[in-house]
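Structure file upload-v8.cif (mmCIF, C-alpha atoms) follows.
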data_upload
#
loop_
_atom_site.label_atom_id
_atom_site.label_comp_id
_atom_site.auth_asym_id
_atom_site.auth_seq_id
_atom_site.Cartn_x
_atom_site.Cartn_y
_atom_site.Cartn_z
CA MET A 1 0.00 0.00 0.00
CA ARG A 2 1.35 3.39 -0.95
CA SER A 3 1.19 6.39 1.26
CA GLU A 4 -1.89 8.51 0.57
CA THR A 5 -0.29 11.59 2.01
CA GLY A 6 0.97 12.99 -1.27
CA GLN A 7 3.99 14.99 -2.30
CA ALA A 8 6.82 16.50 -0.34
CA ARG A 9 6.29 20.06 0.81
CA LEU A 10 9.33 22.27 1.28
CA GLU A 11 9.29 25.67 2.99
CA GLU A 12 12.33 27.90 3.23
CA GLY A 13 12.21 30.78 5.68
CA PRO A 14 14.63 33.10 7.45
CA ASP A 15 14.66 30.79 10.48
CA GLY A 16 15.38 27.63 8.59
CA THR A 17 14.00 25.06 6.24
CA ARG A 18 11.14 22.65 6.76
CA ILE A 19 10.08 19.73 4.62
CA THR A 20 7.27 17.23 5.08
CA ILE A 21 7.51 13.93 3.21
CA PRO A 22 5.54 10.69 3.11
CA GLY A 23 7.21 7.96 5.19
CA ASP A 24 8.42 5.65 2.43
CA PRO A 25 11.88 4.91 0.98
CA LEU A 26 11.44 6.69 -2.36
CA ALA A 27 10.01 9.79 -0.66
CA VAL A 28 13.06 9.78 1.65
CA ARG A 29 15.34 9.70 -1.39
CA ASP A 30 13.43 12.55 -3.09
CA GLY A 31 13.17 14.52 0.15
CA LEU A 32 16.92 14.31 0.79
CA HIS A 33 17.52 15.42 -2.79
CA ALA A 34 15.20 18.43 -2.41
CA LEU A 35 16.63 19.39 0.96
CA PHE A 36 20.28 19.11 -0.03
CA ASP A 37 19.55 21.12 -3.14
CA THR A 38 18.37 24.16 -1.12
CA MET A 39 20.57 27.25 -1.08
CA MET A 40 21.14 26.80 2.64
CA LEU A 41 22.67 23.35 2.30
CA ARG A 42 24.38 23.95 -1.03
CA ALA A 43 26.39 26.65 0.70
CA LEU A 44 27.94 24.15 3.11
CA PRO A 45 31.37 22.61 2.54
CA GLU A 46 31.15 19.28 0.69
CA ASP A 47 32.31 17.28 3.70
CA ASP A 48 29.67 18.78 6.00
CA ARG A 49 26.93 18.21 3.46
CA GLY A 50 27.98 14.59 3.11
CA THR A 51 27.93 14.08 6.87
CA ALA A 52 24.54 15.76 7.22
CA GLU A 53 23.08 13.59 4.46
CA ILE A 54 24.40 10.39 6.05
CA VAL A 55 22.94 11.21 9.48
CA LEU A 56 19.61 12.45 8.17
CA ALA A 57 19.22 9.50 5.77
CA GLU A 58 19.81 7.01 8.59
CA ALA A 59 17.32 8.76 10.89
CA LEU A 60 14.66 8.83 8.14
CA ASN A 61 15.27 5.24 7.02
CA ASN A 62 14.82 4.14 10.60
CA ILE A 63 11.45 5.90 10.84
CA VAL A 64 10.27 4.35 7.55
CA GLU A 65 11.42 0.86 8.53
CA HIS A 66 10.41 0.75 12.19
CA ALA A 67 8.11 3.61 13.26
CA TYR A 68 5.98 3.18 10.13
CA ALA A 69 6.28 -0.61 10.02
CA ARG A 70 2.52 -1.01 10.55
CA HIS A 71 0.92 2.15 9.22
CA HIS A 72 1.73 5.03 6.93
CA GLY A 73 2.27 8.63 7.87
CA ASP A 74 4.34 11.70 7.19
CA ILE A 75 7.74 12.79 8.43
CA GLU A 76 8.40 16.44 9.15
CA ILE A 77 12.02 17.58 9.09
CA SER A 78 13.10 21.04 10.13
CA LEU A 79 16.59 22.36 10.18
CA GLN A 80 18.25 25.53 11.30
CA LEU A 81 21.72 26.62 10.38
CA SER A 82 23.70 28.85 12.68
CA ALA A 83 27.31 29.94 12.21
CA SER A 84 28.84 26.67 13.24
CA GLN A 85 26.10 24.10 13.50
CA LEU A 86 23.06 22.54 11.92
CA LEU A 87 20.15 21.66 14.18
CA PHE A 88 17.77 18.97 12.96
CA ARG A 89 14.31 18.17 14.38
CA ILE A 90 12.38 15.23 12.97
CA ILE A 91 8.77 14.45 13.83
CA ASP A 92 6.74 11.36 12.94
CA THR A 93 3.52 9.78 14.15
CA GLY A 94 4.69 6.16 13.98
CA LEU A 95 5.31 3.55 16.65
CA PRO A 96 7.40 4.62 19.64
CA MET A 97 11.01 3.49 20.10
CA PRO A 98 11.07 0.14 21.93
CA GLU A 99 11.31 0.86 25.68
CA GLY A 100 11.16 4.56 24.79
CA VAL A 101 14.90 4.85 24.20
CA LEU A 102 17.19 5.11 21.19
CA PRO A 103 19.27 2.05 20.20
CA ALA A 104 22.82 2.00 21.55
CA GLY A 105 24.25 1.79 18.03
CA LYS A 106 27.37 -0.15 18.95
CA LEU A 107 29.35 -1.57 16.07
CA LYS A 108 29.87 -5.29 16.59
CA PRO A 109 33.54 -6.26 16.30
CA PHE A 110 34.34 -8.24 13.18
CA ALA A 111 37.32 -9.30 11.10
CA ALA A 112 37.76 -10.17 7.45
CA GLY A 113 36.65 -13.76 6.97
CA ASP A 114 34.01 -13.51 9.71
CA ASP A 115 30.35 -13.73 8.90
CA LEU A 116 30.20 -10.00 8.26
CA PRO A 117 27.28 -7.90 9.47
CA GLU A 118 24.90 -6.61 6.77
CA GLY A 119 23.09 -4.20 9.06
CA GLY A 120 23.18 -2.47 12.40
CA PHE A 121 25.21 0.43 11.02
CA GLY A 122 22.49 3.10 11.08
CA TRP A 123 22.45 4.16 14.73
CA PHE A 124 26.20 3.73 14.93
CA LEU A 125 26.59 6.31 12.14
CA ILE A 126 24.02 8.66 13.69
CA ARG A 127 25.66 8.48 17.12
CA THR A 128 29.19 8.82 15.72
CA LEU A 129 28.47 11.85 13.57
CA SER A 130 25.90 13.81 15.59
CA ARG A 131 25.79 15.54 18.95
CA ASP A 132 23.03 16.27 21.50
CA LEU A 133 20.97 13.39 20.15
CA LYS A 134 17.58 13.43 21.87
CA TYR A 135 14.40 11.44 21.55
CA CYS A 136 11.04 11.92 23.17
CA ARG A 137 7.57 10.52 22.75
CA ASP A 138 4.76 13.02 23.08
CA GLY A 139 1.33 11.41 22.83
CA THR A 140 1.33 9.79 19.38
CA THR A 141 4.36 11.71 18.13
CA ASN A 142 8.07 10.87 18.05
CA LEU A 143 10.51 13.76 18.19
CA LEU A 144 14.17 13.24 17.36
CA SER A 145 16.68 16.06 17.43
CA PHE A 146 20.43 16.35 16.99
CA ARG A 147 23.15 18.80 16.07
CA LEU A 148 26.00 18.61 13.61
CA ASP A 149 29.09 20.72 14.10
CA MET A 150 30.13 22.30 10.85
CA GLY A 151 33.77 22.22 9.85
CA GLN A 152 34.64 19.48 12.35
CA THR A 153 32.98 16.46 10.91
CA ALA A 154 35.90 14.90 9.03
CA ARG A 155 36.32 12.16 11.58
CA MET B 1 19.51 0.27 -10.21
CA GLU B 2 21.44 0.42 -13.44
CA LEU B 3 24.61 -1.67 -13.43
CA VAL B 4 26.75 -2.26 -16.52
CA ALA B 5 29.13 -5.21 -16.60
CA GLU B 6 32.08 -6.00 -18.83
CA GLN B 7 34.42 -8.94 -18.85
CA ARG B 8 38.15 -8.00 -18.80
CA GLY B 9 40.12 -11.24 -18.88
CA GLU B 10 39.27 -13.08 -15.70
CA ILE B 11 37.91 -9.93 -14.08
CA LEU B 12 34.31 -8.77 -14.24
CA VAL B 13 34.04 -4.99 -14.02
CA VAL B 14 30.63 -3.72 -12.91
CA ARG B 15 29.95 -0.02 -13.12
CA ALA B 16 27.20 1.47 -10.94
CA MET B 17 25.52 4.05 -13.17
CA GLN B 18 23.30 5.66 -10.52
CA ASP B 19 24.37 8.33 -8.07
CA ARG B 20 23.12 6.53 -4.96
CA ILE B 21 22.82 3.09 -3.41
CA ASP B 22 20.25 3.64 -0.69
CA ALA B 23 17.37 2.01 1.19
CA ALA B 24 15.06 2.55 -1.79
CA GLY B 25 17.40 0.71 -4.18
CA ALA B 26 19.38 -1.74 -2.05
CA ILE B 27 17.34 -4.86 -2.86
CA GLN B 28 17.39 -4.13 -6.59
CA PHE B 29 21.14 -3.59 -6.39
CA LYS B 30 21.64 -6.96 -4.69
CA ASP B 31 19.39 -8.80 -7.16
CA ARG B 32 21.01 -7.24 -10.21
CA MET B 33 24.52 -7.92 -8.88
CA ARG B 34 23.54 -11.55 -8.28
CA GLU B 35 22.43 -11.86 -11.93
CA LEU B 36 25.59 -10.23 -13.25
CA THR B 37 27.94 -12.39 -11.17
CA GLN B 38 26.47 -15.76 -12.19
CA ALA B 39 29.58 -16.59 -14.25
CA ASP B 40 32.60 -17.78 -12.29
CA ASN B 41 34.87 -14.75 -12.45
CA PRO B 42 37.42 -15.05 -9.67
CA ARG B 43 37.50 -11.25 -9.31
CA VAL B 44 34.62 -8.79 -9.48
CA VAL B 45 35.44 -5.08 -9.41
CA LEU B 46 32.56 -2.71 -8.60
CA ASP B 47 33.25 0.76 -9.96
CA MET B 48 31.52 3.20 -7.60
CA SER B 49 32.95 6.40 -9.03
CA ARG B 50 29.47 7.69 -9.97
CA VAL B 51 27.95 6.85 -6.59
CA ALA B 52 27.87 10.05 -4.57
CA PHE B 53 25.85 8.62 -1.68
CA LEU B 54 25.51 5.30 0.10
CA ASP B 55 23.49 4.72 3.27
CA SER B 56 23.66 1.81 5.72
CA SER B 57 21.20 -0.22 3.63
CA GLY B 58 23.43 0.31 0.60
CA LEU B 59 26.47 -0.68 2.63
CA GLY B 60 24.66 -3.82 3.83
CA ALA B 61 23.83 -4.64 0.21
CA VAL B 62 27.47 -4.34 -0.89
CA VAL B 63 28.49 -6.63 2.01
CA ALA B 64 25.75 -9.11 1.05
CA VAL B 65 27.00 -9.16 -2.56
CA MET B 66 30.51 -9.94 -1.37
CA LYS B 67 29.26 -12.76 0.87
CA ALA B 68 27.13 -14.19 -1.96
CA LEU B 69 30.26 -14.50 -4.14
CA GLY B 70 31.54 -17.11 -1.68
CA PRO B 71 34.98 -17.59 -0.16
CA GLU B 72 36.77 -18.33 -3.46
CA ARG B 73 35.75 -15.12 -5.22
CA LYS B 74 36.49 -11.54 -4.32
CA LEU B 75 34.52 -8.31 -4.58
CA GLU B 76 36.80 -5.34 -5.03
CA LEU B 77 35.66 -1.72 -4.96
CA SER B 78 36.92 1.15 -7.04
CA GLY B 79 36.54 4.93 -7.13
CA LEU B 80 34.84 5.60 -3.80
CA THR B 81 33.62 9.19 -3.59
CA ALA B 82 34.15 11.20 -0.38
CA THR B 83 30.84 10.48 1.36
CA VAL B 84 30.86 6.80 0.38
CA GLN B 85 34.42 6.50 1.64
CA LYS B 86 33.36 8.03 4.95
CA VAL B 87 30.64 5.42 5.47
CA PHE B 88 33.10 2.59 4.75
CA ARG B 89 35.73 4.11 7.02
CA LEU B 90 33.49 4.84 10.01
CA THR B 91 31.95 1.35 9.96
CA ARG B 92 35.44 -0.15 9.44
CA MET B 93 34.18 -1.96 6.35
CA ASP B 94 37.14 -0.43 4.51
CA SER B 95 39.21 -3.13 6.22
CA VAL B 96 37.39 -6.06 4.61
CA PHE B 97 37.30 -4.94 0.97
CA ILE B 98 40.12 -4.42 -1.48
CA ILE B 99 39.58 -0.79 -2.43
CA HIS B 100 41.18 0.79 -5.49
CA ASP B 101 41.40 4.57 -5.98
CA GLN B 102 40.48 4.00 -9.58
CA LEU B 103 40.00 1.03 -11.86
CA PRO B 104 43.17 -1.08 -11.88
CA ASP B 105 45.55 -0.73 -14.83
CA GLY B 106 44.24 -2.16 -18.04
CA MET B 107 40.62 -1.70 -17.00
CA ARG B 108 40.23 2.04 -17.34
CA ASN B 109 38.75 1.76 -20.79
CA ALA B 110 36.37 -0.91 -19.60
CA VAL B 111 32.62 -0.51 -20.02
#

Would you kindly transcribe this structure into structure tokens?
Amino acid sequence: MRSETGQARLEEGPDGTRITIPGDPLAVRDGLHALFDTMMLRALPEDDRGTAEIVLAEALNNIVEHAYARHHGDIEISLQLSASQLLFRIIDTGLPMPEGVLPAGKLKPFAAGDDLPEGGFGWFLIRTLSRDLKYCRDGTTNLLSFRLDMGQTAR
Amino acid sequence: MELVAEQRGEILVVRAMQDRIDAAGAIQFKDRMRELTQADNPRVVLDMSRVAFLDSSGLGAVVAVMKALGPERKLELSGLTATVQKVFRLTRMDSVFIIHDQLPDGMRNAV
């Protein structure tokens, strides 16, 4: 079943940028494309843009895969850019995080020749690249927020 | 997921023609790679120079393709762009693949 919620809506204002997308994988792809094509994000250094796209993509993919595992809904992303950081806030109306907390996102140790992991990288990448990562459940809404330091992300 | 393959001696060079391997395309990528690697090439080189973005689903798909080749065959990667390289480095997956800066000598005219 496809989402009935329609097209992405992007608003750019003096305080930041907001986009609302349907919670499905193709809409995430298109939404990231639209967002990273805005003047605000095009102005960022290549490395910072890459980092921001990795973190945001993982957060959105997680919502599509888990929060909206049983029903469809929208995802609202807002971001504000200050001199040295990007602040992201992401809202969805999907299922809550299990136990109400974010996954630990630990990378399992492995070596070449092992049965290599094919998943479990998402929260590791989010936690490694972001700062002030916060999650709360408010009624039927999930709110995730995090910051990215600009110019210091080349870890 | 458009992938173009060409045989160069015993090596199969596969060029990813799209600019991203992400959650929306990971399964297609795996399926198409499985089709292209049916023949018994001992080495498969995936040219990722056009892939600007790869998420964790895309990374998982590349790992799955390598595992599907079996222990006797190798998946090598070539031309990782900056953001793709970052994902491989942070997850330490750069330690399990042979990664070339560009297509190895003799293959640059491939495809």

| query | For chain B, which residues have at least one atom within 8 Å of chain A, if we go by all atoms listed in the file? Write them as number ranges by chain, please. | reply | B: 22-24, 53-57, 59-61, 63-64, 67, 82-83, 87, 90-91, 95-96

Selection above as a file: C-alpha atoms, as a compact mmCIF listing (two decimals), keeping the file's coordinate frame:
# COMPACT_ATOMS: atom_id res chain seq x y z
CA ASP B 22 20.25 3.64 -0.69
CA ALA B 23 17.37 2.01 1.19
CA ALA B 24 15.06 2.55 -1.79
CA PHE B 53 25.85 8.62 -1.68
CA LEU B 54 25.51 5.30 0.10
CA ASP B 55 23.49 4.72 3.27
CA SER B 56 23.66 1.81 5.72
CA SER B 57 21.20 -0.22 3.63
CA LEU B 59 26.47 -0.68 2.63
CA GLY B 60 24.66 -3.82 3.83
CA ALA B 61 23.83 -4.64 0.21
CA VAL B 63 28.49 -6.63 2.01
CA ALA B 64 25.75 -9.11 1.05
CA LYS B 67 29.26 -12.76 0.87
CA ALA B 82 34.15 11.20 -0.38
CA THR B 83 30.84 10.48 1.36
CA VAL B 87 30.64 5.42 5.47
CA LEU B 90 33.49 4.84 10.01
CA THR B 91 31.95 1.35 9.96
CA SER B 95 39.21 -3.13 6.22
CA VAL B 96 37.39 -6.06 4.61

| request: Between atom CA of Met39 of chain A and atom CA of Arg20 of chain B, measure the distance and give it in Å to one decimal. | output: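 Atom CA of Arg20 of chain B lies 21.2 Å from atom CA of Met39 of chain A.
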
| task | Work out how far atom CA of Glu35 of chain B is from atom CA of Gln85 of chain B, in Å to one decimal. | result |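 Computing it gives 25.8 Å between the two atoms.
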
| task | Please write as a ChimeraX atom specification the full residue list that the PyMOL selection byres ((chain B and resi 16) around 9) yields on this file. | result | /B:1-5,14-15,17-21,46-51

| request: Go through A:Thr38, A:Gln80, A:Thr141, A:Gln7 and flag the residue nearest Pro22 of chain A, using all atoms listed in the file for the distances. | output: A:Gln7

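The two atoms in question, atom CA of Asp37 of chain A and atom CA of Gln85 of chain A, are spaced 18.1 Å apart.
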
For Gly94 of chain A, list every protein, DNA or RNA residue within 9 Å, evaluated using all atoms listed in the file, and leave out those in the same chain fewer than 2 positions away; present the list as a compact mmCIF listing (two decimals) with C-alpha atoms, in the coordinates of the input.
# COMPACT_ATOMS: atom_id res chain seq x y z
CA ILE A 63 11.45 5.90 10.84
CA VAL A 64 10.27 4.35 7.55
CA HIS A 66 10.41 0.75 12.19
CA ALA A 67 8.11 3.61 13.26
CA TYR A 68 5.98 3.18 10.13
CA ALA A 69 6.28 -0.61 10.02
CA ARG A 70 2.52 -1.01 10.55
CA HIS A 71 0.92 2.15 9.22
CA HIS A 72 1.73 5.03 6.93
CA GLY A 73 2.27 8.63 7.87
CA ASP A 74 4.34 11.70 7.19
CA ASP A 92 6.74 11.36 12.94
CA PRO A 96 7.40 4.62 19.64
CA THR A 140 1.33 9.79 19.38
CA THR A 141 4.36 11.71 18.13
CA ASN A 142 8.07 10.87 18.05

| field | Result set, the PyMOL selection byres ((chain A and resi 16) around 12) on current file, as a ChimeraX atom specification | value | /A:10-15,17-19,35,38-41,77-82,86-89

| query | Got a sec to resolve the PyMOL selection byres ((chain B and resi 9) around 12) on this structure and send the residues as number ranges by chain? | reply | B: 6-8, 10-13, 40-44, 106-107, 110

Edge lengths and centre in Å, axis-aligned, segment 56-70 of chain A plus 5 Å each side, as AutoDock Vina command-line options:
--center_x 11.2 --center_y 5.7 --center_z 9.5 --size_x 27.3 --size_y 23.5 --size_z 17.5

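Taking all atoms listed in the file, the non-local environment of Phe97 of chain B within 7 Å (same-chain residues fewer than 3 positions away omitted) comprises Glu76, Leu77, Met93 and Asp94 of chain B.
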
| said: Taking 2 positions as the minimum chain separation for residues in the same chain, which residues sit within 8 Å of Lys134 of chain A when counting only C-alpha atoms? Answer as a ChimeraX atom specification. | reply: /A:132,136,143-146

Could you write out the selected residues, including C-alpha atoms, as a compact mmCIF listing (two decimals), keeping the file's coordinate frame?
# COMPACT_ATOMS: atom_id res chain seq x y z
CA ASP A 132 23.03 16.27 21.50
CA CYS A 136 11.04 11.92 23.17
CA LEU A 143 10.51 13.76 18.19
CA LEU A 144 14.17 13.24 17.36
CA SER A 145 16.68 16.06 17.43
CA PHE A 146 20.43 16.35 16.99

| request: Pick out the closest residue to Arg9 of chain A from this set: A:Ala104, A:Ala43, A:Ile91, A:Ile75. Count only C-alpha atoms. | output: A:Ile75
